[in-house]
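Listing of run-v3.txt, compact mmCIF, C-alpha atoms (C1' of nucleotides)
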```
# COMPACT_ATOMS: atom_id res chain seq x y z
CA MET A 1 -17.86 -6.58 9.80
CA GLN A 2 -17.27 -5.71 13.43
CA LEU A 3 -18.43 -2.64 15.30
CA ASN A 4 -15.88 0.11 15.44
CA GLY A 5 -15.70 0.26 19.24
CA TYR A 6 -14.83 -3.37 19.63
CA ARG A 7 -12.39 -3.25 16.80
CA THR A 8 -10.53 -0.38 18.42
CA ILE A 9 -10.16 -2.24 21.68
CA ASP A 10 -8.99 -5.38 19.96
CA ASP A 11 -6.52 -3.39 17.91
CA ASP A 12 -5.18 -1.81 21.02
CA VAL A 13 -4.36 -5.11 22.71
CA VAL A 14 -2.67 -6.44 19.59
CA PHE A 15 -0.70 -3.28 18.84
CA ARG A 16 0.53 -3.04 22.38
CA ALA A 17 1.52 -6.67 22.37
CA LEU A 18 3.49 -6.13 19.18
CA ALA A 19 5.14 -2.98 20.48
CA ASP A 20 7.77 -4.80 22.50
CA PRO A 21 10.81 -6.22 20.69
CA SER A 22 11.12 -9.14 23.10
CA ARG A 23 7.60 -10.20 22.29
CA ARG A 24 8.24 -9.92 18.59
CA ARG A 25 11.28 -12.11 19.07
CA LEU A 26 9.12 -14.63 20.88
CA LEU A 27 6.76 -14.63 17.93
CA ASP A 28 9.75 -15.20 15.68
CA GLY A 29 10.76 -18.14 17.81
CA LEU A 30 7.31 -19.66 17.76
CA GLN A 31 7.09 -19.10 14.05
CA ALA A 32 10.38 -20.96 13.58
CA GLN A 33 9.19 -23.83 15.74
CA GLY A 34 5.73 -24.28 17.19
CA GLY A 35 4.96 -26.09 20.42
CA GLN A 36 7.88 -24.72 22.38
CA THR A 37 7.76 -24.67 26.16
CA LEU A 38 8.30 -21.70 28.42
CA GLY A 39 11.70 -23.00 29.43
CA GLY A 40 12.66 -23.69 25.86
CA LEU A 41 11.71 -20.21 24.79
CA THR A 42 13.58 -18.72 27.72
CA SER A 43 16.91 -20.36 26.94
CA GLY A 44 18.90 -18.02 24.75
CA LEU A 45 16.86 -14.92 25.49
CA SER A 46 18.95 -13.44 28.32
CA MET A 47 15.87 -12.87 30.38
CA THR A 48 14.38 -14.69 33.33
CA ARG A 49 11.76 -17.34 32.82
CA GLN A 50 9.27 -15.20 34.69
CA ALA A 51 9.78 -12.29 32.33
CA VAL A 52 9.19 -14.55 29.36
CA ALA A 53 6.07 -15.90 31.04
CA LYS A 54 4.71 -12.38 31.33
CA HIS A 55 5.39 -11.69 27.67
CA LEU A 56 3.71 -14.92 26.65
CA ASP A 57 0.73 -13.99 28.77
CA ILE A 58 0.42 -10.67 26.98
CA LEU A 59 0.73 -12.40 23.63
CA GLU A 60 -1.96 -14.89 24.63
CA ARG A 61 -4.33 -12.17 25.78
CA ALA A 62 -3.81 -10.48 22.44
CA ASN A 63 -4.71 -13.80 20.87
CA LEU A 64 -1.41 -13.85 19.04
CA VAL A 65 -0.30 -17.02 20.80
CA SER A 66 -2.26 -20.00 22.00
CA SER A 67 -1.05 -22.62 24.45
CA ARG A 68 -1.83 -26.14 25.53
CA ARG A 69 -0.93 -27.71 28.83
CA CYS A 70 0.77 -31.03 28.40
CA GLY A 71 1.69 -32.68 31.66
CA ARG A 72 4.00 -30.39 33.48
CA GLU A 73 4.84 -28.55 30.29
CA LYS A 74 2.98 -25.81 28.51
CA LEU A 75 3.29 -25.78 24.76
CA HIS A 76 2.95 -22.52 22.86
CA PHE A 77 1.85 -21.90 19.31
CA ILE A 78 1.66 -18.80 17.22
CA ASN A 79 -1.76 -17.75 16.07
CA PRO A 80 -1.35 -15.82 12.84
CA ILE A 81 -4.95 -14.83 12.28
CA PRO A 82 -5.02 -11.57 14.29
CA ILE A 83 -1.78 -10.40 12.77
CA ASN A 84 -3.17 -11.06 9.35
CA ALA A 85 -6.45 -9.34 10.11
CA ILE A 86 -4.91 -6.26 11.62
CA ALA A 87 -2.25 -5.92 8.97
CA GLU A 88 -4.76 -6.12 6.18
CA ARG A 89 -7.12 -3.74 7.88
CA TRP A 90 -4.31 -1.25 8.16
CA ILE A 91 -3.24 -1.67 4.62
CA SER A 92 -6.73 -0.95 3.40
CA LYS A 93 -7.17 1.80 5.96
CA PHE A 94 -4.12 3.87 5.32
CA ASP A 95 -3.15 3.16 1.79
CA GLN A 96 -4.35 4.39 -1.50
CA PRO A 97 -6.75 1.63 -2.51
CA HIS A 98 -4.93 0.86 -5.71
CA VAL A 99 -1.64 0.41 -3.91
CA ALA A 100 -3.25 -2.02 -1.50
CA ALA A 101 -4.96 -3.81 -4.32
CA LEU A 102 -1.76 -4.17 -6.29
CA SER A 103 0.12 -5.50 -3.31
CA ALA A 104 -2.68 -7.90 -2.56
CA LEU A 105 -2.68 -9.11 -6.12
CA LYS A 106 1.06 -9.56 -6.01
CA GLN A 107 0.70 -11.54 -2.80
CA THR A 108 -2.07 -13.59 -4.32
CA LEU A 109 -0.03 -14.49 -7.36
CA GLU A 110 3.03 -15.36 -5.35
CA GLY A 111 0.92 -17.53 -3.10
CA GLU A 112 -0.05 -19.81 -5.95
CA PHE A 113 3.42 -21.27 -6.06
CA ASP A 114 3.46 -22.37 -2.47
CA ASP A 115 1.20 -25.44 -2.39
CA MET B 1 16.29 -6.71 0.86
CA GLN B 2 17.47 -4.85 3.96
CA LEU B 3 19.80 -6.19 6.58
CA ASN B 4 18.03 -7.76 9.47
CA GLY B 5 19.53 -5.50 12.11
CA TYR B 6 18.36 -2.32 10.50
CA ARG B 7 14.93 -3.72 9.81
CA THR B 8 14.46 -4.65 13.42
CA ILE B 9 15.27 -1.15 14.58
CA ASP B 10 12.97 0.43 12.04
CA ASP B 11 10.23 -1.97 12.97
CA ASP B 12 10.63 -1.07 16.57
CA VAL B 13 10.12 2.64 16.04
CA VAL B 14 7.05 2.04 13.91
CA PHE B 15 5.49 -0.54 16.19
CA ARG B 16 5.97 1.63 19.21
CA ALA B 17 4.51 4.60 17.41
CA LEU B 18 1.46 2.55 16.49
CA ALA B 19 1.07 1.16 20.00
CA ASP B 20 -0.64 4.25 21.36
CA PRO B 21 -4.35 4.74 20.63
CA SER B 22 -4.04 8.52 20.57
CA ARG B 23 -1.45 8.27 17.86
CA ARG B 24 -3.60 5.89 15.86
CA ARG B 25 -6.42 8.39 16.17
CA LEU B 26 -4.11 11.09 14.88
CA LEU B 27 -3.31 8.91 11.90
CA ASP B 28 -7.03 8.46 11.37
CA GLY B 29 -7.47 12.22 11.42
CA LEU B 30 -4.67 12.78 8.95
CA GLN B 31 -6.02 10.05 6.74
CA ALA B 32 -9.42 11.72 6.74
CA GLN B 33 -7.88 15.07 5.89
CA GLY B 34 -4.27 15.75 5.08
CA GLY B 35 -2.44 18.98 5.73
CA GLN B 36 -3.95 19.62 9.15
CA THR B 37 -2.19 21.87 11.61
CA LEU B 38 -1.22 21.04 15.16
CA GLY B 39 -4.00 23.21 16.51
CA GLY B 40 -6.53 21.72 14.15
CA LEU B 41 -5.59 18.21 15.17
CA THR B 42 -5.74 19.16 18.84
CA SER B 43 -9.26 20.49 18.76
CA GLY B 44 -11.62 17.68 19.59
CA LEU B 45 -9.00 15.39 21.07
CA SER B 46 -9.40 16.30 24.77
CA MET B 47 -5.67 16.65 25.13
CA THR B 48 -3.36 19.61 25.33
CA ARG B 49 -1.68 20.93 22.24
CA GLN B 50 1.67 20.01 23.73
CA ALA B 51 0.65 16.41 24.15
CA VAL B 52 -0.47 16.24 20.54
CA ALA B 53 2.81 17.79 19.48
CA LYS B 54 4.69 15.02 21.24
CA HIS B 55 2.61 12.38 19.53
CA LEU B 56 3.15 13.97 16.16
CA ASP B 57 6.86 14.06 16.82
CA ILE B 58 6.88 10.35 17.54
CA LEU B 59 4.88 9.68 14.40
CA GLU B 60 7.30 11.78 12.38
CA ARG B 61 10.32 9.99 13.76
CA ALA B 62 8.67 6.73 12.80
CA ASN B 63 8.25 8.18 9.34
CA LEU B 64 4.52 7.64 9.55
CA VAL B 65 3.81 11.36 9.26
CA SER B 66 5.59 14.09 7.37
CA SER B 67 5.19 17.80 7.92
CA ARG B 68 5.80 21.05 6.15
CA ARG B 69 6.21 24.44 7.74
CA CYS B 70 3.98 27.02 6.17
CA GLY B 71 4.31 30.46 7.69
CA ARG B 72 3.43 30.14 11.32
CA GLU B 73 1.57 26.92 10.68
CA LYS B 74 2.88 23.40 10.39
CA LEU B 75 0.99 21.13 8.06
CA HIS B 76 0.95 17.40 8.67
CA PHE B 77 0.48 14.58 6.24
CA ILE B 78 0.21 10.85 6.67
CA ASN B 79 2.88 8.76 5.04
CA PRO B 80 1.38 5.37 4.30
CA ILE B 81 4.46 3.68 2.91
CA PRO B 82 5.97 2.37 6.18
CA ILE B 83 2.62 1.06 7.33
CA ASN B 84 2.21 -0.74 4.08
CA ALA B 85 5.71 -2.14 4.17
CA ILE B 86 5.54 -3.35 7.72
CA ALA B 87 2.09 -4.81 7.36
CA GLU B 88 3.03 -6.78 4.30
CA ARG B 89 6.24 -7.97 5.84
CA TRP B 90 4.29 -9.26 8.79
CA ILE B 91 1.70 -10.92 6.67
CA SER B 92 4.33 -12.81 4.75
CA LYS B 93 6.33 -13.44 7.90
CA PHE B 94 3.67 -14.91 10.12
CA ASP B 95 1.04 -16.30 7.87
CA GLN B 96 0.66 -19.37 5.84
CA PRO B 97 1.11 -17.98 2.35
CA HIS B 98 -2.13 -19.32 1.01
CA VAL B 99 -4.14 -17.88 3.88
CA ALA B 100 -2.63 -14.47 3.27
CA ALA B 101 -3.24 -14.73 -0.43
CA LEU B 102 -6.86 -15.71 0.00
CA SER B 103 -7.50 -12.96 2.52
CA ALA B 104 -5.76 -10.46 0.31
CA LEU B 105 -7.87 -11.44 -2.62
CA LYS B 106 -10.99 -11.23 -0.52
CA GLN B 107 -9.93 -7.81 0.69
CA THR B 108 -9.24 -6.71 -2.83
CA LEU B 109 -12.65 -7.71 -4.00
CA GLU B 110 -14.48 -6.31 -1.01
CA GLY B 111 -12.43 -3.16 -1.16
CA GLU B 112 -14.39 -2.01 -4.16
CA PHE B 113 -17.46 -1.54 -1.97
CA ASP B 114 -15.81 0.13 0.99
CA ASP B 115 -16.52 3.71 1.95
C1' DT C 1 8.41 -41.09 48.25
C1' DT C 2 11.82 -38.18 47.38
C1' DG C 3 14.16 -35.17 44.39
C1' DA C 4 14.35 -32.81 40.15
C1' DC C 5 12.10 -30.31 36.79
C1' DA C 6 8.45 -27.05 34.67
C1' DT C 7 5.57 -23.66 35.67
C1' DG C 8 2.63 -20.16 38.57
C1' DC C 9 2.21 -16.27 41.63
C1' DA C 10 3.36 -12.01 44.08
C1' DA C 11 6.05 -8.30 45.69
C1' DC C 12 9.25 -5.14 44.38
C1' DC C 13 12.37 -1.92 41.51
C1' DA C 14 13.79 1.10 37.71
C1' DT C 15 12.68 3.13 33.62
C1' DT C 16 9.79 4.81 30.22
C1' DA C 17 5.94 7.19 28.60
C1' DA C 18 1.70 9.99 28.45
C1' DG C 19 0.10 14.03 29.80
C1' DT C 20 0.17 18.39 32.26
C1' DT C 21 1.62 23.37 33.36
C1' DG C 22 4.31 27.35 32.38
C1' DC C 23 6.83 30.15 29.57
C1' DC C 24 9.21 31.57 25.25
C1' DT C 25 9.55 32.46 20.09
C1' DA C 26 7.75 33.44 15.63
C1' DT C 27 4.31 35.01 12.42
C1' DT C 28 0.08 37.34 11.33
C1' DT C 29 -3.35 40.82 11.63
C1' DT C 30 -5.23 45.20 12.86
C1' DA D 1 3.57 48.73 17.26
C1' DA D 2 0.44 45.84 19.71
C1' DA D 3 -2.52 42.08 20.13
C1' DA D 4 -3.63 37.71 18.71
C1' DT D 5 -2.46 33.37 16.81
C1' DA D 6 0.47 29.09 16.02
C1' DG D 7 3.87 26.59 17.57
C1' DG D 8 8.43 25.15 20.43
C1' DC D 9 10.76 23.91 24.73
C1' DA D 10 11.41 22.23 29.34
C1' DA D 11 10.31 20.64 33.94
C1' DC D 12 7.24 17.98 36.40
C1' DT D 13 3.70 14.27 37.85
C1' DT D 14 1.70 10.01 37.49
C1' DA D 15 0.93 5.60 35.81
C1' DA D 16 2.30 1.79 33.06
C1' DT D 17 5.80 -1.42 31.81
C1' DG D 18 9.72 -4.57 31.62
C1' DG D 19 12.33 -6.89 34.46
C1' DT D 20 13.94 -8.93 38.80
C1' DT D 21 13.95 -12.01 43.18
C1' DG D 22 11.76 -15.32 46.13
C1' DC D 23 8.72 -18.79 47.08
C1' DA D 24 4.78 -22.01 46.05
C1' DT D 25 2.56 -25.61 43.22
C1' DG D 26 2.28 -29.41 40.25
C1' DT D 27 4.26 -33.38 37.67
C1' DC D 28 7.49 -36.81 36.40
C1' DA D 29 11.20 -40.25 37.30
C1' DA D 30 14.12 -43.15 40.21
```
Representation of the structure as structure tokens:
Amino acid sequence: MQLNGYRTIDDDVVFRALADPSRRRLLDGLQAQGGQTLGGLTSGLSMTRQAVAKHLDILERANLVSSRRCGREKLHFINPIPINAIAERWISKFDQPHVAALSALKQTLEGEFDD
Amino acid sequence: MQLNGYRTIDDDVVFRALADPSRRRLLDGLQAQGGQTLGGLTSGLSMTRQAVAKHLDILERANLVSSRRCGREKLHFINPIPINAIAERWISKFDQPHVAALSALKQTLEGEFDD
DNA sequence: TTGACATGCAACCATTAAGTTGCCTATTTT
DNA sequence: AAAATAGGCAACTTAATGGTTGCATGTCAA
């Protein structure tokens, strides 16, 4: 388990990254299709490419998105781990333990049908 | 299941409320002890009472905190439901189901030993 | 090699947001 | 009633943030 100080800082970067609706939409887009380029993500977002680039940078710093340079393109991928970690930490932090446990169990059971 | 438009708006209010570290600390405080007053929450936060009041207002609007007037005092309580809902929605939204299920199970088991 | 395409970088602008100060209202308490 | 306590309201300051424009760099294709 991590030290509290570090955890707080990490949380802060992630929460702030998630606070903007445009960034959440970008995550939606990357969830729908991984490996999209900056230009690809920009088209349809009624925002300049540069603005999208800034958002992607924030998402990358929050470790919510990872990217790979490929020639003159940069491919972006969603990184679900921090979202998962933070969400679960907050469930266990702010919920009555039994509620969290029940939800977790429900999730667990539902998960069995997916593979 | 809610309509997507409404959900997005709700999400936005909650995410923005959670984006500020002072507000997350307030939630921590209310989790540790419910029914605290504005003044009580202010003491120890190196912030003016008015600033705390603004934060509490934002948390209330996000439905993360509820309050009850009691004489000249206002008592505040954490409302875990939206956190739970949003966290779970994001787990299922952005994670491979089996990863979420495994983590959830792990959390459930470990949760028994947590403070 | 030249032009087109994909991205990077930097300055700038407008708005929001966090926090402050100052004052007012309401409820206790003595 | 008067003083003390708890909170509400509003204007203001400052810094962060989301977005823009303009130009530079790197890569691919003809």
Taking (7.1, 9.8, 29.9) as a centre in this file's frame and 10 Å as the limit, can you find every polymer residue with an atom that close, using all atoms listed in the file, and give them as a compact mmCIF listing (two decimals) with C-alpha atoms (C1' of nucleotides), in the frame of the given file?
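To be explicit, this is the file written out as point-v8.txt:
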```txt
# COMPACT_ATOMS: atom_id res chain seq x y z
C1' DT C 15 12.68 3.13 33.62
C1' DT C 16 9.79 4.81 30.22
C1' DA C 17 5.94 7.19 28.60
C1' DA C 18 1.70 9.99 28.45
C1' DG C 19 0.10 14.03 29.80
C1' DT D 13 3.70 14.27 37.85
C1' DT D 14 1.70 10.01 37.49
C1' DA D 15 0.93 5.60 35.81
C1' DA D 16 2.30 1.79 33.06
```
For the interface of chain C with range 24-28 of chain D (cut-off 10 Å, counting all atoms listed in the file), please tabulate each contacting residue of chain C alongside its nearest pair of atoms and their separation in Å to one decimal, rows sorted by chain and increasing number, as a Markdown table.
```
| residue | atom | partner | partner_atom | distance |
| --- | --- | --- | --- | --- |
| C:DA4 | C1' | D:DC28 | C1' | 8.8 |
| C:DC5 | C1' | D:DC28 | C1' | 8.0 |
| C:DA6 | C1' | D:DT27 | C1' | 8.2 |
| C:DT7 | C1' | D:DG26 | C1' | 8.1 |
| C:DG8 | C1' | D:DT25 | C1' | 7.2 |
| C:DC9 | C1' | D:DA24 | C1' | 7.7 |
```
May I have the residues of chain D within 10 Å of chain B, counting all atoms listed in the file, written as a list in words?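 Residues passing the distance filter: DT5, DA6, DG7, DG8 and DC9 of chain D.
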note - CA of Val13 in chain B and CA of Arg61 in chain B are separated by 7.7 Å
Expressed in Å, the length from CA of Ser46 in chain A to C1' of DA11 in chain C is 22.2 Å
- Message: Let me make sure I understand: among A:Leu45, A:Ile83, A:Ile58, A:Val65, which one has the smallest atom-to-atom distance to chain B if we use only C-alpha atoms?
- Response: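 Result for the nearest residue to chain B: A:Ile83.
Residues lying at most 10 Å from (6.9, -25.8, 24.8) in file coordinates, with all atoms listed in the file considered, are Leu30, Gln33, Gly34, Gly35, Gln36, Thr37, Leu38, Gly39, Gly40, Leu41, Ser67, Arg68, Arg69, Cys70, Glu73, Lys74, Leu75, His76 and Phe77 of chain A.
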One decimal place gives the C1' of DC12 in chain D-CA of Asp12 in chain B separation as 27.7 Å
Open item on the list: Which residue is closest to chain C? Choose from B:Gly44, B:Lys93, B:Leu27, B:Val52 and count only C-alpha atoms (C1' of nucleotides).
Closed with: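 Checking each of B:Gly44, B:Lys93, B:Leu27, B:Val52 against chain C, counting only C-alpha atoms (C1' of nucleotides), the winner is B:Val52.
Distances from C:DT2, C:DT30, C:DT25, C:DT20 to chain B were compared using only C-alpha atoms (C1' of nucleotides), and the smallest one belongs to C:DT20.
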Checklist entry - So which residues touch Pro80 in chain B within 12 Å, counting all atoms listed in the file, skipping near sequence neighbours fewer than 2 positions away, as an MDAnalysis selection string? => result (chainID A and resid 90:97 99:100) or (chainID B and resid 14 27:28 30:31 34 59:60 62:66 77:78 82:87)
